[in-house]
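What follows is the content of input12.txt, which has compact mmCIF, C-alpha atoms:
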# COMPACT_ATOMS: atom_id res chain seq x y z
CA MET A 1416 57.92 22.76 -88.10
CA ARG A 1417 57.13 26.43 -88.58
CA PRO A 1418 59.87 29.03 -89.03
CA SER A 1419 60.26 31.44 -86.13
CA GLU A 1420 60.51 35.19 -86.48
CA THR A 1421 64.27 34.96 -86.00
CA ASP A 1422 64.72 32.56 -88.93
CA SER A 1423 65.79 34.20 -92.15
CA PHE A 1424 65.36 33.03 -95.70
CA ILE A 1425 66.92 34.14 -98.95
CA VAL A 1426 64.85 33.85 -102.09
CA CYS A 1427 67.21 32.84 -104.85
CA SER A 1428 66.27 33.69 -108.40
CA GLU A 1429 69.14 31.79 -110.00
CA GLU A 1430 72.33 30.00 -109.11
CA ILE A 1431 75.60 30.07 -111.00
CA THR A 1432 78.22 27.39 -110.38
CA LEU A 1433 81.85 28.20 -111.14
CA GLU A 1434 84.45 25.43 -111.34
CA CYS A 1435 88.15 25.87 -110.65
CA HIS A 1436 90.97 23.89 -112.25
CA CYS A 1437 91.60 22.32 -108.81
CA GLY A 1438 88.14 20.74 -108.90
CA GLU A 1439 86.48 22.99 -106.31
CA ARG A 1440 83.15 24.60 -107.14
CA LEU A 1441 81.82 27.98 -106.06
CA VAL A 1442 78.05 28.58 -106.08
CA LEU A 1443 76.86 32.16 -106.63
CA LEU A 1444 73.27 33.04 -105.80
CA GLY A 1445 71.44 35.51 -108.03
CA PHE A 1446 71.39 36.51 -111.68
CA GLU A 1447 74.58 37.18 -113.62
CA SER A 1448 73.37 40.76 -114.14
CA ASP A 1449 73.19 41.19 -110.34
CA TRP A 1450 76.87 40.32 -110.02
CA HIS A 1451 77.80 42.71 -112.83
CA SER A 1452 75.76 45.53 -111.26
CA GLU A 1453 77.58 44.93 -107.94
CA GLY A 1454 80.89 45.26 -109.78
CA ARG A 1455 81.83 41.67 -108.99
CA THR A 1456 83.27 39.92 -112.02
CA THR A 1457 86.04 37.91 -110.35
CA PHE A 1458 85.85 35.48 -107.45
CA GLU A 1459 88.57 33.65 -105.53
CA CYS A 1460 88.70 29.89 -105.11
CA GLU A 1461 89.96 28.43 -101.83
CA CYS A 1462 93.16 27.44 -103.67
CA GLY A 1463 93.78 31.11 -104.54
CA GLU A 1464 92.89 30.82 -108.24
CA GLU A 1465 90.85 33.70 -109.66
CA LEU A 1466 87.53 32.64 -111.23
CA THR A 1467 85.25 34.60 -113.54
CA LEU A 1468 81.76 34.01 -114.84
CA ALA A 1469 83.42 32.38 -117.86
CA ASP A 1470 84.34 29.50 -115.50
CA ARG A 1471 80.66 28.61 -115.23
CA VAL A 1472 79.74 24.93 -115.19
CA ASP A 1473 77.30 23.95 -117.92
CA ALA A 1474 74.19 22.93 -115.93
CA ASP A 1475 73.18 20.18 -118.37
CA ALA A 1476 76.66 18.64 -118.36
CA PHE A 1477 76.79 19.00 -114.57
CA ASP A 1478 73.49 17.11 -114.15
CA PHE A 1479 74.56 14.42 -116.63
CA ASN A 1480 77.91 13.88 -114.89
CA GLY A 1481 76.14 13.56 -111.53
CA LEU A 1482 73.80 10.98 -113.02
CA LEU A 1483 76.77 9.01 -114.34
CA ARG A 1484 78.46 9.09 -110.92
CA ARG A 1485 75.33 7.70 -109.25
CA PHE A 1486 75.01 5.02 -111.93
CA ARG A 1487 78.64 3.89 -111.42
CA THR A 1488 78.03 3.28 -107.72
CA PHE A 1489 75.71 0.41 -108.65
CA ASP A 1490 78.45 -1.51 -110.49
Please go through the file and, once you have read it, give me the structure as structure tokens.
Amino acid sequence: MRPSETDSFIVCSEEITLECHCGERLVLLGFESDWHSEGRTTFECECGEELTLADRVDADAFDFNGLLRRFRTFD
């Protein structure tokens, strides 16, 4: 299937995942420097908690935990 002229795409250079204490995750598209240059350093979770870039999920730990979850489903 070919995209039509009305379809739009966003090229994402990086993705940053923030995790709230409630367990929700917020995915930011773009480099950290892009967010700083936009003046955005805080983000709001659906629960109302304020998140910062310090609430970033470690990508390696995130991948490992996902692997463990998939492995446990085979038990």
Please measure the separation of atom CA of Glu1430 of chain A and atom CA of Asp1470 of chain A, giving the value in Å to one decimal.
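Distance reported for this atom pair: 13.6 Å.
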Suppose you want the space between atom CA of Val1472 of chain A and atom CA of Gly1454 of chain A; what is it in Å?
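Between atom CA of Val1472 of chain A and atom CA of Gly1454 of chain A the gap is 21.1 Å.
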If I take atom CA of Glu1453 of chain A and atom CA of Glu1439 of chain A, how far is one from the other in Å, to one decimal?
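Separation between atom CA of Glu1453 of chain A and atom CA of Glu1439 of chain A: 23.7 Å.
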Within 6 Å of (70.6, 31.0, -110.0) (coordinates as in the file), grab all the protein and nucleic acid residues, counting all atoms listed in the file, and write them out as an MDAnalysis selection string.
chainID A and resid 1428:1431 1444:1446
Name the closest residue to Arg1471 of chain A among the candidates A:Thr1432, A:Phe1458, A:Leu1443, A:Ser1452; distances are taken between atoms, counting only C-alpha atoms.
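Answer, going by the shortest atom-to-atom distance: A:Thr1432.
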Excluding same-chain residues fewer than 2 positions from segment 1463-1467 of chain A, what lies within 12 Å of it counting all atoms listed in the file, as a ChimeraX atom specification?
/A:1431-1443,1447,1450-1451,1455-1461,1469-1472
